[in-house]
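Report on the structure given below.
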Amino acid sequence: MSAHRVDWVDTAKGICIIFVVMMHSVLGVEAAAGETGWMHAVVAFAAPFRMPDFFLISGLFLSNVITRDWKLYLDRKVVHFAYFYVLWMTIQFAVKAPVFVGEMGTAGALEFYVRSFVQPFGTLWFIYMLPVFFLVCKLAHDKGVPWQAMLVIAAILQIAPIHTGWLLVDEFASRFVYFYCGYIFAPQIFKLAEWARERIGVSLVYLLGWGLVNGGLVFAGYAAAPIISLALGAAGAGAIILTSALIVKWGQMNFLRHFGENSIVIYLAFFFPMGLTRVILLKLGLLDIGTVSLIVTIVASVSPMVLFWLIRKTDFGWFLFKRPQWAYLSGTFGRKGQAQAAE
């Protein structure tokens, strides 16, 4: 653990962001090619726990800030993510605008852009949902709603077959329980990570058993079933926590920690190198679909880090990953002595 960050948490986030980029990369390649490759099995295996763990990790440190006054809380947990969502939604829309205009016409494309303020746009829905989760938790906390009641409601929403077609509703129902568990059970989760470091053998046995069960249910077609989906999400989140703690104990694969520390940077910017690399490799037609998917995943994961490195070196373009002063609520800028980065 460093002075400001927790090593296994960043490692877990690094694993999750790679799985997220992998999912978009693999499914995008396969859709464009009209066939599946060997990477499809990896994406399917990770589906039950990929986003549950990401949201659980996102809720881990909420107890440290949930008692803040509303103005500062809204600035750090709502306005912060809203800035990056609107910025990168606009960037993505601008890149894809010619396609949208060709498919929907100019008026239709503009309507689609405006609708993206209430219907999360493309890959950015995670950034959109986080402020919603933060708001619900703050309201429940301030109103004195028992955490047990919130947990039961969140679990019922996840189990219920809620498919309205609106991402804001559907993803809230599907994911909020994991975020709330990260918030409520943070002390137990940190104890689990410490437990794993001291019991490597037992942890490896658990991970082997979990992998067999998770994989078996996925490829048998039961992973998305009610209750099973919730159980696999929780078990998979635990598995990533154990894996991250063991990786840190091992002292290798530091790139995962670095990726996790800058996971939002990757999440915001991976779409363009992903799409460009996919187009180039498929046009060349030299490799099988699985290998193309792997290369696209690597390029899409690494390229945002290269961009971030260039921004730090040139001191140009910081607004892409750090809020400028004008994007803070009045009186909240500089309380920590510097502008707040995307993370």
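Ligands are numbered from 1 in the order shown, residues from 1 within each chain, and chains are lettered A, B, ... in the order they appear in the structure tokens.
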
- Task: Please provide the set of residues having any atom within 7 Å of range 235-237 of chain A, restricted to only C-alpha atoms, with same-chain residues fewer than 3 positions apart removed, written as a list in words.
- Result: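 So, after excluding close chain neighbours, the residues are Phe49, Pro52, Asp53, Ala231, Leu232, Ile240 and Ile241 of chain A.
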
Next, dump the selected residues to file, keeping only all heavy atoms, as a tab-separated table (two decimals), in the first residue's frame.
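Saved as result_8.tsv:
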chain	number	residue	atom	x	y	z
A	49	PHE	N	-18.65	-11.66	-14.14
A	49	PHE	CA	-18.00	-10.90	-13.07
A	49	PHE	C	-17.30	-9.63	-13.55
A	49	PHE	O	-16.85	-8.83	-12.72
A	49	PHE	CB	-16.95	-11.78	-12.35
A	49	PHE	CG	-15.83	-12.27	-13.23
A	49	PHE	CD1	-14.69	-11.50	-13.43
A	49	PHE	CD2	-15.90	-13.50	-13.86
A	49	PHE	CE1	-13.64	-11.96	-14.22
A	49	PHE	CE2	-14.86	-13.97	-14.65
A	49	PHE	CZ	-13.73	-13.20	-14.84
A	52	PRO	N	-19.64	-6.53	-12.47
A	52	PRO	CA	-19.88	-6.57	-11.02
A	52	PRO	C	-18.67	-6.20	-10.19
A	52	PRO	O	-18.76	-5.43	-9.23
A	52	PRO	CB	-20.31	-8.02	-10.79
A	52	PRO	CG	-21.00	-8.39	-12.06
A	52	PRO	CD	-20.20	-7.72	-13.15
A	53	ASP	N	-17.50	-6.73	-10.56
A	53	ASP	CA	-16.30	-6.41	-9.79
A	53	ASP	C	-15.90	-4.95	-9.96
A	53	ASP	O	-15.47	-4.31	-9.01
A	53	ASP	CB	-15.15	-7.32	-10.20
A	53	ASP	CG	-13.95	-7.15	-9.30
A	53	ASP	OD1	-14.06	-7.44	-8.10
A	53	ASP	OD2	-12.88	-6.71	-9.80
A	231	ALA	N	-25.22	-14.69	-7.87
A	231	ALA	CA	-24.22	-15.49	-7.16
A	231	ALA	C	-22.89	-15.50	-7.91
A	231	ALA	O	-21.82	-15.37	-7.29
A	231	ALA	CB	-24.73	-16.92	-6.98
A	232	LEU	N	-22.95	-15.63	-9.24
A	232	LEU	CA	-21.71	-15.64	-10.02
A	232	LEU	C	-21.02	-14.27	-10.00
A	232	LEU	O	-19.79	-14.19	-9.98
A	232	LEU	CB	-22.00	-16.05	-11.47
A	232	LEU	CG	-22.30	-17.52	-11.71
A	232	LEU	CD1	-22.51	-17.77	-13.21
A	232	LEU	CD2	-21.18	-18.42	-11.19
A	240	ILE	N	-11.65	-12.11	-8.18
A	240	ILE	CA	-10.74	-11.06	-8.66
A	240	ILE	C	-10.00	-10.42	-7.49
A	240	ILE	O	-8.80	-10.09	-7.59
A	240	ILE	CB	-11.52	-9.99	-9.44
A	240	ILE	CG1	-12.12	-10.59	-10.71
A	240	ILE	CG2	-10.60	-8.82	-9.80
A	240	ILE	CD1	-11.09	-11.12	-11.68
A	241	ILE	N	-10.67	-10.28	-6.36
A	241	ILE	CA	-10.01	-9.73	-5.17
A	241	ILE	C	-8.88	-10.66	-4.72
A	241	ILE	O	-7.76	-10.21	-4.44
A	241	ILE	CB	-11.03	-9.54	-4.04
A	241	ILE	CG1	-12.00	-8.40	-4.39
A	241	ILE	CG2	-10.33	-9.24	-2.71
A	241	ILE	CD1	-13.22	-8.33	-3.51

Determine, for each residue of range 122-220 of chain A having at least one atom at most 12 Å from an atom of range 249-254 of chain A, the closest pair of atoms and their separation in Å to one decimal, counting only C-alpha atoms; order by chain and ascending number, as a tab-separated table.
residue	atom	partner	partner_atom	distance
A:Ala193	CA	A:Lys249	CA	10.4
A:Glu194	CA	A:Lys249	CA	9.9
A:Trp195	CA	A:Lys249	CA	11.5
A:Ala196	CA	A:Lys249	CA	9.2
A:Arg197	CA	A:Lys249	CA	6.2
A:Glu198	CA	A:Lys249	CA	9.1
A:Arg199	CA	A:Lys249	CA	10.9
A:Ile200	CA	A:Lys249	CA	9.1

Hey, can you spit out that residue selection with N, CA, C and O atoms as an mmCIF file, in the first residue's frame?
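Output below, filename again_7.cif:
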data_model
loop_
_atom_site.group_PDB
_atom_site.id
_atom_site.type_symbol
_atom_site.label_atom_id
_atom_site.label_comp_id
_atom_site.auth_asym_id
_atom_site.auth_seq_id
_atom_site.Cartn_x
_atom_site.Cartn_y
_atom_site.Cartn_z
ATOM 1 N N ALA A 193 -8.839 -9.647 1.288
ATOM 2 C CA ALA A 193 -7.591 -9.489 0.536
ATOM 3 C C ALA A 193 -6.379 -9.829 1.406
ATOM 4 O O ALA A 193 -5.442 -10.500 0.960
ATOM 5 N N GLU A 194 -6.402 -9.376 2.675
ATOM 6 C CA GLU A 194 -5.302 -9.702 3.581
ATOM 7 C C GLU A 194 -5.270 -11.205 3.880
ATOM 8 O O GLU A 194 -4.202 -11.810 3.986
ATOM 9 N N TRP A 195 -6.444 -11.802 4.022
ATOM 10 C CA TRP A 195 -6.540 -13.246 4.255
ATOM 11 C C TRP A 195 -5.916 -14.019 3.103
ATOM 12 O O TRP A 195 -5.197 -15.000 3.310
ATOM 13 N N ALA A 196 -6.159 -13.593 1.886
ATOM 14 C CA ALA A 196 -5.625 -14.279 0.708
ATOM 15 C C ALA A 196 -4.106 -14.236 0.678
ATOM 16 O O ALA A 196 -3.452 -15.212 0.300
ATOM 17 N N ARG A 197 -3.528 -13.114 1.098
ATOM 18 C CA ARG A 197 -2.068 -12.989 1.085
ATOM 19 C C ARG A 197 -1.413 -13.966 2.048
ATOM 20 O O ARG A 197 -0.287 -14.410 1.826
ATOM 21 N N GLU A 198 -2.131 -14.304 3.118
ATOM 22 C CA GLU A 198 -1.559 -15.184 4.132
ATOM 23 C C GLU A 198 -1.903 -16.658 3.898
ATOM 24 O O GLU A 198 -1.331 -17.526 4.550
ATOM 25 N N ARG A 199 -2.825 -16.934 2.993
ATOM 26 C CA ARG A 199 -3.264 -18.321 2.744
ATOM 27 C C ARG A 199 -3.286 -18.575 1.248
ATOM 28 O O ARG A 199 -4.332 -18.776 0.626
ATOM 29 N N ILE A 200 -2.106 -18.600 0.678
ATOM 30 C CA ILE A 200 -1.975 -18.706 -0.768
ATOM 31 C C ILE A 200 -2.550 -20.028 -1.279
ATOM 32 O O ILE A 200 -3.294 -20.068 -2.268
#

- Would you return as an NGL selection string the members of range 43-208 of chain A that DSSP assigns to helix (DSSP H, G or I) on this structure's backbone? :A and (43-46 or 50-58 or 62-64 or 70-115 or 122-142 or 147-159 or 167-184 or 186-198 or 200-208)

Where does range 201-315 of chain A meet range 91-94 of chain A within 10 Å, residue by residue, with the nearest atom pair and distance in Å to one decimal for each, counting only C-alpha atoms, listed by chain and rising number, as a Markdown table?
| residue | atom | partner | partner_atom | distance |
| --- | --- | --- | --- | --- |
| A:Leu268 | CA | A:Gln92 | CA | 9.5 |
| A:Ala269 | CA | A:Gln92 | CA | 9.1 |
| A:Phe271 | CA | A:Gln92 | CA | 8.0 |
| A:Phe272 | CA | A:Gln92 | CA | 8.1 |

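Note that the spacing between CA of Gly14 in chain A and CA of Phe255 in chain A amounts to 8.0 Å.
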
Kindly provide the residues of range 238-294 of chain A that approach range 204-211 of chain A to within 8 Å, each paired with its closest atom pair and their distance in Å to one decimal, based on only C-alpha atoms, listed by chain and increasing number, as CSV.
residue,atom,partner,partner_atom,distance
A:Ala239,CA,A:Leu207,CA,6.1
A:Leu242,CA,A:Leu207,CA,7.9
A:Thr243,CA,A:Leu207,CA,7.9

* To do: List the neighbours of range 304-314 of chain A out to 7 Å using only C-alpha atoms; skip same-chain residues closer than 3 positions along the sequence, and give me the result as a ChimeraX atom specification.
  => /A:265-266,269-270,301,317-318

Any chance you can output those residues with N, CA, C and O atoms as a PDB file, in the first residue's frame?
ATOM      1  N   VAL A 265      -8.865   6.601 -17.449  1.00  0.00           N
ATOM      2  CA  VAL A 265      -8.187   7.106 -18.641  1.00  0.00           C
ATOM      3  C   VAL A 265      -8.355   6.113 -19.784  1.00  0.00           C
ATOM      4  O   VAL A 265      -8.699   6.477 -20.919  1.00  0.00           O
ATOM      5  N   ILE A 266      -8.123   4.839 -19.490  1.00  0.00           N
ATOM      6  CA  ILE A 266      -8.281   3.801 -20.513  1.00  0.00           C
ATOM      7  C   ILE A 266      -9.730   3.712 -20.949  1.00  0.00           C
ATOM      8  O   ILE A 266     -10.034   3.634 -22.147  1.00  0.00           O
ATOM      9  N   ALA A 269     -10.785   6.600 -23.346  1.00  0.00           N
ATOM     10  CA  ALA A 269     -10.101   6.841 -24.619  1.00  0.00           C
ATOM     11  C   ALA A 269      -9.838   5.600 -25.469  1.00  0.00           C
ATOM     12  O   ALA A 269      -9.264   5.727 -26.551  1.00  0.00           O
ATOM     13  N   PHE A 270     -10.266   4.414 -25.037  1.00  0.00           N
ATOM     14  CA  PHE A 270      -9.883   3.216 -25.798  1.00  0.00           C
ATOM     15  C   PHE A 270     -10.659   3.045 -27.099  1.00  0.00           C
ATOM     16  O   PHE A 270     -10.257   2.297 -27.986  1.00  0.00           O
ATOM     17  N   SER A 301      -5.931  -1.054 -25.155  1.00  0.00           N
ATOM     18  CA  SER A 301      -5.595  -0.899 -23.740  1.00  0.00           C
ATOM     19  C   SER A 301      -4.373  -0.013 -23.527  1.00  0.00           C
ATOM     20  O   SER A 301      -4.330   0.779 -22.580  1.00  0.00           O
ATOM     21  N   GLY A 317      -3.288  19.384 -23.250  1.00  0.00           N
ATOM     22  CA  GLY A 317      -4.424  18.481 -23.366  1.00  0.00           C
ATOM     23  C   GLY A 317      -4.900  17.910 -22.048  1.00  0.00           C
ATOM     24  O   GLY A 317      -5.650  16.925 -22.025  1.00  0.00           O
ATOM     25  N   TRP A 318      -4.504  18.543 -20.935  1.00  0.00           N
ATOM     26  CA  TRP A 318      -4.895  18.005 -19.627  1.00  0.00           C
ATOM     27  C   TRP A 318      -6.413  17.976 -19.439  1.00  0.00           C
ATOM     28  O   TRP A 318      -6.936  17.180 -18.653  1.00  0.00           O
TER      29      TRP A 318
END

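The shortest atom-to-atom distance to Gln148 in chain A, with only C-alpha atoms taken into account, belongs to A:Ile184 out of A:Ala224, A:Ala245, A:Val79, A:Ile184.
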
Original post:
Pick from A:Pro48, A:Gly285, A:Pro98, A:Gly238: nearest to Ile189 in chain A, with only C-alpha atoms counted?
Top reply: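 Closest candidate: A:Gly238.
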
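All residues of protein, DNA or RNA that reach within 8 Å of range 110-126 of chain A, judged by only C-alpha atoms and not counting those fewer than 4 positions away in the chain, are A:Tyr85, A:Val86, A:Met89, A:Phe93, A:Thr106, A:Leu130, A:Trp166, A:Leu167, A:Leu168, A:Tyr267, A:Leu268, A:Phe271.
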
Go ahead and write the residues just picked, all heavy atoms, as a tab-separated table (two decimals), in the first residue's frame.
chain	number	residue	atom	x	y	z
A	85	TYR	N	-18.11	12.59	-18.84
A	85	TYR	CA	-19.09	11.94	-19.71
A	85	TYR	C	-19.44	12.85	-20.88
A	85	TYR	O	-19.40	12.43	-22.05
A	85	TYR	CB	-20.36	11.58	-18.94
A	85	TYR	CG	-21.44	11.04	-19.85
A	85	TYR	CD1	-21.39	9.74	-20.33
A	85	TYR	CD2	-22.49	11.86	-20.27
A	85	TYR	CE1	-22.36	9.26	-21.20
A	85	TYR	CE2	-23.46	11.39	-21.14
A	85	TYR	CZ	-23.39	10.08	-21.59
A	85	TYR	OH	-24.34	9.61	-22.47
A	86	VAL	N	-19.79	14.11	-20.60
A	86	VAL	CA	-20.19	15.02	-21.67
A	86	VAL	C	-19.03	15.27	-22.63
A	86	VAL	O	-19.21	15.28	-23.86
A	86	VAL	CB	-20.70	16.36	-21.07
A	86	VAL	CG1	-20.95	17.38	-22.18
A	86	VAL	CG2	-21.98	16.12	-20.28
A	89	MET	N	-18.34	11.92	-24.53
A	89	MET	CA	-19.50	11.61	-25.37
A	89	MET	C	-19.48	12.49	-26.61
A	89	MET	O	-19.73	12.02	-27.73
A	89	MET	CB	-20.78	11.81	-24.57
A	89	MET	CG	-22.06	11.46	-25.34
A	89	MET	SD	-22.83	12.90	-26.09
A	89	MET	CE	-23.51	13.71	-24.63
A	93	PHE	N	-19.01	11.18	-30.36
A	93	PHE	CA	-20.04	11.54	-31.32
A	93	PHE	C	-19.43	12.23	-32.54
A	93	PHE	O	-19.82	11.95	-33.68
A	93	PHE	CB	-21.08	12.44	-30.67
A	93	PHE	CG	-22.25	12.75	-31.56
A	93	PHE	CD1	-23.35	11.91	-31.60
A	93	PHE	CD2	-22.24	13.88	-32.38
A	93	PHE	CE1	-24.43	12.18	-32.43
A	93	PHE	CE2	-23.32	14.16	-33.20
A	93	PHE	CZ	-24.41	13.32	-33.24
A	106	THR	N	-29.04	14.57	-40.74
A	106	THR	CA	-28.49	15.56	-39.81
A	106	THR	C	-29.39	15.77	-38.60
A	106	THR	O	-28.93	15.79	-37.45
A	106	THR	CB	-28.28	16.90	-40.53
A	106	THR	OG1	-27.41	16.72	-41.65
A	106	THR	CG2	-27.67	17.94	-39.58
A	130	LEU	N	-22.16	5.79	-12.52
A	130	LEU	CA	-21.50	6.03	-11.23
A	130	LEU	C	-22.12	7.19	-10.45
A	130	LEU	O	-22.41	7.04	-9.25
A	130	LEU	CB	-20.00	6.25	-11.43
A	130	LEU	CG	-19.14	5.00	-11.60
A	130	LEU	CD1	-17.69	5.38	-11.83
A	130	LEU	CD2	-19.25	4.08	-10.40
A	166	TRP	N	-34.10	1.08	-21.59
A	166	TRP	CA	-33.39	2.28	-21.15
A	166	TRP	C	-32.22	1.85	-20.27
A	166	TRP	O	-32.42	1.26	-19.21
A	166	TRP	CB	-34.33	3.21	-20.37
A	166	TRP	CG	-35.28	3.94	-21.26
A	166	TRP	CD1	-36.53	3.54	-21.64
A	166	TRP	CD2	-35.04	5.19	-21.90
A	166	TRP	NE1	-37.07	4.46	-22.48
A	166	TRP	CE2	-36.19	5.50	-22.66
A	166	TRP	CE3	-33.96	6.08	-21.92
A	166	TRP	CZ2	-36.30	6.65	-23.43
A	166	TRP	CZ3	-34.07	7.24	-22.68
A	166	TRP	CH2	-35.21	7.51	-23.41
A	167	LEU	N	-31.01	2.19	-20.71
A	167	LEU	CA	-29.82	1.76	-19.98
A	167	LEU	C	-29.82	2.25	-18.55
A	167	LEU	O	-29.37	1.54	-17.64
A	167	LEU	CB	-28.55	2.24	-20.70
A	167	LEU	CG	-28.09	1.43	-21.90
A	167	LEU	CD1	-26.92	2.13	-22.59
A	167	LEU	CD2	-27.70	0.03	-21.49
A	168	LEU	N	-30.28	3.48	-18.34
A	168	LEU	CA	-30.27	4.05	-17.00
A	168	LEU	C	-31.07	3.18	-16.03
A	168	LEU	O	-30.66	2.96	-14.89
A	168	LEU	CB	-30.87	5.47	-17.04
A	168	LEU	CG	-30.89	6.24	-15.71
A	168	LEU	CD1	-29.48	6.41	-15.17
A	168	LEU	CD2	-31.57	7.59	-15.91
A	267	TYR	N	-10.65	3.73	-19.98
A	267	TYR	CA	-12.06	3.58	-20.29
A	267	TYR	C	-12.56	4.71	-21.20
A	267	TYR	O	-13.36	4.49	-22.11
A	267	TYR	CB	-12.88	3.55	-19.00
A	267	TYR	CG	-14.31	3.13	-19.21
A	267	TYR	CD1	-14.68	1.80	-19.22
A	267	TYR	CD2	-15.30	4.09	-19.40
A	267	TYR	CE1	-15.99	1.41	-19.42
A	267	TYR	CE2	-16.61	3.72	-19.60
A	267	TYR	CZ	-16.96	2.37	-19.60
A	267	TYR	OH	-18.26	2.01	-19.82
A	268	LEU	N	-12.10	5.92	-20.96
A	268	LEU	CA	-12.55	7.06	-21.73
A	268	LEU	C	-12.02	7.04	-23.16
A	268	LEU	O	-12.73	7.42	-24.10
A	268	LEU	CB	-12.12	8.37	-21.06
A	268	LEU	CG	-12.79	8.72	-19.72
A	268	LEU	CD1	-12.10	9.92	-19.09
A	268	LEU	CD2	-14.27	8.99	-19.92
A	271	PHE	N	-11.79	3.74	-27.23
A	271	PHE	CA	-12.69	3.47	-28.36
A	271	PHE	C	-12.04	3.77	-29.72
A	271	PHE	O	-12.22	3.02	-30.69
A	271	PHE	CB	-13.98	4.30	-28.22
A	271	PHE	CG	-13.83	5.74	-28.62
A	271	PHE	CD1	-14.23	6.19	-29.87
A	271	PHE	CD2	-13.28	6.66	-27.74
A	271	PHE	CE1	-14.09	7.52	-30.24
A	271	PHE	CE2	-13.15	7.99	-28.09
A	271	PHE	CZ	-13.55	8.42	-29.35

At most 8 Å is the cut-off: for each residue in range 11-98 of chain A with any atom that close to an atom of range 319-335 of chain A, write down the nearest atom pair and the distance in Å rounded to one decimal, counting only C-alpha atoms, chain first then increasing number, as a tab-separated table.
residue	atom	partner	partner_atom	distance
A:Lys71	CA	A:Leu329	CA	7.6
A:Leu72	CA	A:Thr332	CA	6.2
A:Asp75	CA	A:Leu329	CA	5.8
A:Val79	CA	A:Tyr328	CA	7.3
A:His80	CA	A:Arg323	CA	7.3
A:Tyr83	CA	A:Ala327	CA	7.0
A:Phe84	CA	A:Phe321	CA	7.6
A:Leu87	CA	A:Leu320	CA	7.7

Using only C-alpha atoms, which of A:Pro161, A:Gly28, A:Val42, A:Val6 sits nearest Val218 in chain A?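 Nearest candidate to Val218 in chain A out of A:Pro161, A:Gly28, A:Val42, A:Val6: A:Val42.
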
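Nearest residue to Arg76 in chain A among A:Cys181, A:Ala44, A:Leu135, A:Leu60 is A:Leu135, counting only C-alpha atoms.
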
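As for CA of Phe219 in chain A and CA of Gly233 in chain A, they are spaced 15.7 Å apart.
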
message: Measuring between only C-alpha atoms, which one of A:Ala32, A:Val20, A:Val43, A:Leu192 shows the shortest distance to Gly215 in chain A?
response: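 With only C-alpha atoms as the atom set, the closest residue is A:Val43.
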
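Pairwise distance (CA of Val279 in chain A, CA of Gly105 in chain A) equals 23.9 Å.
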